Amino acid sequence: MALRHELEKRRRKLDEIDRAIVRLLAERMQEARFIGRIKSAGGLPFEDRKREKRVLDEAVKAGMLLGLDDKAVRGVFSEIIRQSREVQGKRAKMVAIQGELGCYSEEAAAVAVPGWQVIPCATLPEAIACAERGTADAALVPVENSVEGPVAGLNPLLMRTRLHAAGEVELKVRHCLLAVEGQRLQDIVEVRSHPQALGQCRAFLEKRLANAAIVPYYDTAGAAKDVSEKGLKGVAAIASKAAARRYGLAVLAEGIEGGRANSTRFLLLSPQRGGGSGSKTTVLFTLRHEPGALAAALAAIAGKGANLTRLESFPSESRKWEYGFIADIAAGAESAVGRRALAGLRRAATSVKVLGSYNRSVSRG
């Protein structure tokens, strides 16, 4: 029985290693697709024999230092390189997102642009820049959360970008507390995640992990990946169940977000300008720094029969203590109501930027 137990234990370890290999292969092919788009945008050849030889030689050298057969390593990596070369040459539609694979933006992208490949980016500016440069066909960015409110830093990016709003997705967010296998809730002394996710799970953390250190991280799935790859004991990540599956983590608690209506709205940004149709228009504008300027702008919109479904202010990047505004109007820019509302806003504002018109989303997830 002891031998059988040891055998099963070792087999489980092999299965864990196999899952990690497959995950890393998937990540490599994802990077190869991205590299292919960069080469295509720059008019560079997809095949680079010198680099392929260098990668292969380095892999064989590293394998030999670990006691692996050089022919076996050469055979495996030759096939990996061949597959990567093929992937680079395929023109697949790609959408840039902020976050690692397994993040909520990836789930939202599967709804917004099904079948498209995802380009993970570390920051929102990087994701938007990918679409602006043409290395991605679009970018999908989180706009606001129903619990924590607007996503910090996004509105100035929308004011500057050359991209246009082309659609939106509302995703129900269900957070999980993830840790390496064998950890229990009472073992956790540190919790990592994106600041928005930490805020959404504040009540759970205060009640169940009051003494744990709370560490902001650039991404939910990124925190899960870090915990998994480093095998961090006593450290948990707040992320999705998809992230748990991708990075081989145990789910210590599920549904830890505050409130039942925890949803995030994402905006699809495209280089292509839409025709102004749709049931909703996002517009950014600036006003004179004088009394009644905002009231006059709002009256100009409402007086034309348009309904505002969102209004936010954000600090000006060029003038201290002055602000820009972003608003959602419940009408297409080319509809009769939309045209009248935008004309009124242009008369009241110092600048108006119509980000785009699109259809309102329905909640998914």
# chains A, B, ... in the order shown; residues from 1 in each chain; ligands from 1
>>> closest_atom_pairs(of="segment 109-162 of chain A", to="segment 219-241 of chain A", cutoff="12 Å", atoms="only C-alpha atoms", output="CSV")
residue,atom,partner,partner_atom,distance
A:Pro120,CA,A:Gly222,CA,10.3
A:Cys121,CA,A:Asp219,CA,10.0
A:Ala122,CA,A:Asp219,CA,7.9
A:Thr123,CA,A:Asp219,CA,8.9
A:Leu124,CA,A:Asp219,CA,10.9
>>> closest_atom_pairs(of="segment 98-164 of chain A", to="segment 283-305 of chain A", cutoff="12 Å", atoms="only C-alpha atoms", output="tab-separated table")
residue	atom	partner	partner_atom	distance
A:Asn155	CA	A:Leu284	CA	8.6
A:Pro156	CA	A:Leu284	CA	9.6
A:Leu157	CA	A:Leu284	CA	11.1
A:Leu158	CA	A:Leu284	CA	8.2
A:Met159	CA	A:Leu284	CA	6.6
A:Arg160	CA	A:Leu284	CA	10.3
A:Thr161	CA	A:Leu284	CA	11.5
A:His164	CA	A:Val283	CA	10.5
>>> atom_distance(atom1="atom CA of Glu168 of chain A", atom2="atom CA of Arg339 of chain A")
21.4 Å
>>> closest_residue(among="A:Arg74, A:Arg37, A:Arg28, A:Arg192", to="Ala213 of chain A", atoms="only C-alpha atoms")
A:Arg192
>>> atom_distance(atom1="atom CA of Ala242 of chain A", atom2="atom CA of Glu254 of chain A")
12.0 Å
>>> residues_around(residues="Ala32 of chain A", least_positions_apart="3", cutoff="6 Å", atoms="only C-alpha atoms", output="PyMOL selection string")
chain A and resi 29+35+84+88
>>> write_last_selection(atoms="N, CA and C atoms", output="PDB file, in the first residue's frame")
ATOM      1  N   MET A  29       2.953  30.552 -27.436  1.00  0.00           N
ATOM      2  CA  MET A  29       2.268  30.751 -28.717  1.00  0.00           C
ATOM      3  C   MET A  29       1.543  32.100 -28.751  1.00  0.00           C
ATOM      4  N   ILE A  35       4.215  38.808 -31.544  1.00  0.00           N
ATOM      5  CA  ILE A  35       5.437  39.122 -32.296  1.00  0.00           C
ATOM      6  C   ILE A  35       5.146  39.152 -33.790  1.00  0.00           C
ATOM      7  N   SER A  84       5.788  27.990 -33.535  1.00  0.00           N
ATOM      8  CA  SER A  84       5.786  29.434 -33.276  1.00  0.00           C
ATOM      9  C   SER A  84       5.910  30.217 -34.577  1.00  0.00           C
ATOM     10  N   GLN A  88       3.113  32.891 -36.100  1.00  0.00           N
ATOM     11  CA  GLN A  88       3.443  34.272 -36.438  1.00  0.00           C
ATOM     12  C   GLN A  88       2.904  34.673 -37.810  1.00  0.00           C
TER      13      GLN A  88
END
>>> closest_residue(among="A:Leu7, A:Val215, A:Ala2, A:Leu140", to="His194 of chain A", atoms="only C-alpha atoms")
A:Val215
>>> residues_around(residues="Phe204 of chain A", least_positions_apart="6", cutoff="10 Å", atoms="only C-alpha atoms", output="VMD selection string")
chain A and resid 198 210 253 255 to 258
>>> select_by_dssp(residues="segment 56-260 of chain A", states="alpha helix (DSSP H)", output="ChimeraX atom specification")
/A:56-65,70-89,104-112,124-133,154-160,195-200,202-208,220-230,241-247
>>> atom_distance(atom1="atom CA of Glu144 of chain A", atom2="atom CA of Glu312 of chain A")
10.8 Å
>>> residues_around(residues="Ala26 of chain A", least_positions_apart="4", cutoff="12 Å", atoms="only C-alpha atoms", output="list in words")
Arg19, Ala20, Ile21, Val22, Gln30, Glu31, Ala32, Arg33, Ile80, Gln83, Ser84, Val87, Leu101, Gln117, Val118 and Arg246 of chain A
>>> closest_residue(among="A:Leu209, A:Ala165, A:Ala129, A:Leu268", to="Ala333 of chain A", atoms="only C-alpha atoms")
A:Ala165
>>> residues_around(residues="segment 69-73 of chain A", least_positions_apart="2", cutoff="6 Å", atoms="only C-alpha atoms", output="list in words")
Val60, Gly75 and Val76 of chain A
>>> write_last_selection(atoms="C-alpha atoms", output="mmCIF file, in the first residue's frame")
data_model
loop_
_atom_site.group_PDB
_atom_site.id
_atom_site.type_symbol
_atom_site.label_atom_id
_atom_site.label_comp_id
_atom_site.auth_asym_id
_atom_site.auth_seq_id
_atom_site.Cartn_x
_atom_site.Cartn_y
_atom_site.Cartn_z
ATOM 1 C CA VAL A 60 20.078 22.330 -25.669
ATOM 2 C CA GLY A 75 13.684 17.551 -31.083
ATOM 3 C CA VAL A 76 11.158 19.104 -28.686
#
>>> closest_residue(among="A:Val191, A:Ala197, A:Val251, A:Ala343", to="Asn211 of chain A", atoms="only C-alpha atoms")
A:Val191
>>> residues_around(residues="Asn145 of chain A", least_positions_apart="6", cutoff="10 Å", atoms="only C-alpha atoms", output="list of chain:residue names")
A:Val151, A:Glu170, A:Leu171, A:Lys172, A:Val173, A:Gln196, A:Ala197, A:Gln200, A:Ala261, A:Asn262, A:Ser263, A:Thr264, A:Arg265, A:Phe266
>>> write_last_selection(atoms="C-alpha atoms", output="PDB file, in the first residue's frame")
ATOM      1  CA  VAL A 151     -11.339  52.848 -13.055  1.00  0.00           C
ATOM      2  CA  GLU A 170     -20.918  44.248 -18.672  1.00  0.00           C
ATOM      3  CA  LEU A 171     -19.395  41.288 -16.815  1.00  0.00           C
ATOM      4  CA  LYS A 172     -20.553  39.956 -13.457  1.00  0.00           C
ATOM      5  CA  VAL A 173     -17.467  39.631 -11.273  1.00  0.00           C
ATOM      6  CA  GLN A 196     -10.230  47.467  -7.409  1.00  0.00           C
ATOM      7  CA  ALA A 197     -10.572  43.776  -6.467  1.00  0.00           C
ATOM      8  CA  GLN A 200     -14.594  44.957  -3.762  1.00  0.00           C
ATOM      9  CA  ALA A 261     -24.524  43.276  -8.021  1.00  0.00           C
ATOM     10  CA  ASN A 262     -20.739  43.346  -8.463  1.00  0.00           C
ATOM     11  CA  SER A 263     -20.222  43.954 -12.185  1.00  0.00           C
ATOM     12  CA  THR A 264     -17.576  45.651 -14.310  1.00  0.00           C
ATOM     13  CA  ARG A 265     -18.293  47.471 -17.553  1.00  0.00           C
ATOM     14  CA  PHE A 266     -15.732  47.231 -20.342  1.00  0.00           C
TER      15      PHE A 266
END
>>> select_by_dssp(residues="segment 102-163 of chain A", states="strand (DSSP E or B)", output="list of chain:residue names")
A:Gln117, A:Val118, A:Ile119, A:Pro120, A:Cys121, A:Ala138, A:Ala139, A:Leu140, A:Val141, A:Pro142, A:Val143, A:Glu144, A:Asn145, A:Gly149, A:Pro150
